[in-house]
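See structure below.
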Amino acid sequence: MDLWSLDEMFLADCLGGSKFPSLVRWRLIISHQCKMMTPSILVRVAAKGIVMMNLRRVLFTSSLVLSVVCCLPAFVIAQNSVTILAGAELNQVVPPGFYFQGLSAPTQMRNSTAARFGTKRFVIAGLVDTSGYAADVRAKYEGFFITDSPVSINGSDLGTGAYGFGFSNDGKMQILDLAGNQILSISTTKDSALQRPRPLMMMKSGDGVRLYNGKDYVTVVAK
């Protein structure tokens, strides 16, 4: 048996092509070819075996890493996907009433909206009946804005919590704490192309949502 055929047998064994178990095959080779197996040949054959084993390890590791990398985009998409809630899902998250500045007012369910970011984060907004409030409160307060995780509104950060809000005639959205103090004042954008404006609604926009009051809107993005 020459060196080439020996190497071929070894390669076939490494690739699983041998009909003999590895240990048996090595014993056969050593017992019948011991005269030809000089130290240099043994070194070369052993080196070839080490290279093949390392190659198989590299291939396995590369396949594992590739699998993880391929799964990452789907995971990221799932975490950042936005769903506008409707029907029963919407009714499950919108509160029937909201406390603000000393009074509780019933929610206008027909003018409520919510979005789910990923699987567990929610942003909920709704108009309330403000008839029981004084005129100065009604001038700034229209409804509630609830978020269970930090968000940004037109680039301004807002932490987890429940807030009051109102849209003003000068193109601003005011975010208020429950005592009526202003937290944010955000410039709105007018969507002149909007065909059917509503008092309050959400619409998907990229990785966030637009919160509309009529044709004026702000963009809410989860952080």
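By convention in this document, the chains of the structure tokens carry letters A, B, ... by their order, each chain's residues are numbered from 1, and ligands are numbered from 1 in the order they are shown.
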- request: Write out as a ChimeraX atom specification each polymer residue whose atoms come within 10 Å of Val82 (chain A), counting only C-alpha atoms; drop sequence neighbours fewer than 6 positions from it.
  value: /A:115-119,121-122,203-209,221-222
Those selected residues, please, written with N, CA and C atoms and delivered as a PDB file, in the first residue's frame.
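The new file selection_25.pdb reads:
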ATOM      1  N   ALA A 115     -51.486  51.086  20.731  1.00  0.00           N
ATOM      2  CA  ALA A 115     -50.524  50.365  19.895  1.00  0.00           C
ATOM      3  C   ALA A 115     -49.700  49.451  20.777  1.00  0.00           C
ATOM      4  N   ARG A 116     -49.352  48.292  20.211  1.00  0.00           N
ATOM      5  CA  ARG A 116     -48.462  47.353  20.891  1.00  0.00           C
ATOM      6  C   ARG A 116     -47.124  47.338  20.175  1.00  0.00           C
ATOM      7  N   PHE A 117     -46.058  47.558  20.944  1.00  0.00           N
ATOM      8  CA  PHE A 117     -44.706  47.493  20.406  1.00  0.00           C
ATOM      9  C   PHE A 117     -44.111  46.149  20.796  1.00  0.00           C
ATOM     10  N   GLY A 118     -43.778  45.330  19.819  1.00  0.00           N
ATOM     11  CA  GLY A 118     -43.310  43.985  20.114  1.00  0.00           C
ATOM     12  C   GLY A 118     -44.448  43.159  20.665  1.00  0.00           C
ATOM     13  N   THR A 119     -44.221  42.490  21.794  1.00  0.00           N
ATOM     14  CA  THR A 119     -45.249  41.616  22.361  1.00  0.00           C
ATOM     15  C   THR A 119     -45.776  42.082  23.708  1.00  0.00           C
ATOM     16  N   ARG A 121     -45.183  45.652  25.142  1.00  0.00           N
ATOM     17  CA  ARG A 121     -45.166  47.080  25.449  1.00  0.00           C
ATOM     18  C   ARG A 121     -46.347  47.765  24.774  1.00  0.00           C
ATOM     19  N   PHE A 122     -47.009  48.646  25.521  1.00  0.00           N
ATOM     20  CA  PHE A 122     -48.221  49.282  25.020  1.00  0.00           C
ATOM     21  C   PHE A 122     -48.155  50.795  25.201  1.00  0.00           C
ATOM     22  N   MET A 203     -51.750  55.609  13.678  1.00  0.00           N
ATOM     23  CA  MET A 203     -51.423  55.018  12.389  1.00  0.00           C
ATOM     24  C   MET A 203     -49.949  54.620  12.408  1.00  0.00           C
ATOM     25  N   LYS A 204     -49.647  53.447  11.896  1.00  0.00           N
ATOM     26  CA  LYS A 204     -48.259  52.996  11.860  1.00  0.00           C
ATOM     27  C   LYS A 204     -47.414  53.922  10.988  1.00  0.00           C
ATOM     28  N   SER A 205     -46.179  54.142  11.440  1.00  0.00           N
ATOM     29  CA  SER A 205     -45.252  54.981  10.690  1.00  0.00           C
ATOM     30  C   SER A 205     -43.835  54.500  10.972  1.00  0.00           C
ATOM     31  N   GLY A 206     -43.268  53.711  10.055  1.00  0.00           N
ATOM     32  CA  GLY A 206     -41.925  53.175  10.263  1.00  0.00           C
ATOM     33  C   GLY A 206     -41.900  52.262  11.469  1.00  0.00           C
ATOM     34  N   ASP A 207     -40.982  52.532  12.401  1.00  0.00           N
ATOM     35  CA  ASP A 207     -40.891  51.727  13.610  1.00  0.00           C
ATOM     36  C   ASP A 207     -41.665  52.345  14.767  1.00  0.00           C
ATOM     37  N   GLY A 208     -42.552  53.284  14.466  1.00  0.00           N
ATOM     38  CA  GLY A 208     -43.364  53.930  15.486  1.00  0.00           C
ATOM     39  C   GLY A 208     -44.797  54.101  15.029  1.00  0.00           C
ATOM     40  N   VAL A 209     -45.514  54.999  15.708  1.00  0.00           N
ATOM     41  CA  VAL A 209     -46.897  55.302  15.338  1.00  0.00           C
ATOM     42  C   VAL A 209     -47.091  56.814  15.318  1.00  0.00           C
ATOM     43  N   VAL A 221     -42.333  56.686  19.321  1.00  0.00           N
ATOM     44  CA  VAL A 221     -41.424  55.570  19.070  1.00  0.00           C
ATOM     45  C   VAL A 221     -41.018  54.969  20.395  1.00  0.00           C
ATOM     46  N   ALA A 222     -41.057  53.623  20.492  1.00  0.00           N
ATOM     47  CA  ALA A 222     -40.594  52.940  21.708  1.00  0.00           C
ATOM     48  C   ALA A 222     -39.085  53.021  21.793  1.00  0.00           C
TER      49      ALA A 222
END
message: Applying 12 Å and only C-alpha atoms, which residues near region 169-181 of chain A remain after dropping the ones on its own chain fewer than 4 positions away? List them as a PyMOL selection string.
response: chain A and resi 98-104+125+133+136-146+152-154+156-165+185-190+211-219
Can you pull out the residues contacting Pro96 (chain A)? Cut-off 9 Å, using only C-alpha atoms, and skip same-chain residues under 2 positions away; I want them as a compact mmCIF listing (two decimals) with C-alpha atoms, in the first residue's frame.
# COMPACT_ATOMS: atom_id res chain seq x y z
CA ASN A 91 -61.13 47.25 24.83
CA VAL A 94 -58.21 51.07 27.43
CA PHE A 98 -59.09 58.38 33.97
CA ALA A 105 -63.74 61.39 33.92
CA PRO A 106 -65.21 58.64 31.73
CA THR A 107 -63.30 57.58 28.62
CA GLN A 108 -64.72 58.21 25.17
CA MET A 109 -64.19 54.67 23.94
query: Between CA of Gly155 (chain A) and CA of Thr130 (chain A), what is the spacing in Å?
result: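 One can read the CA of Thr130 (chain A) to CA of Gly155 (chain A) distance as 28.8 Å.
Counting from CA of Ser149 (chain A), the distance to CA of Ser112 (chain A) is 19.0 Å.
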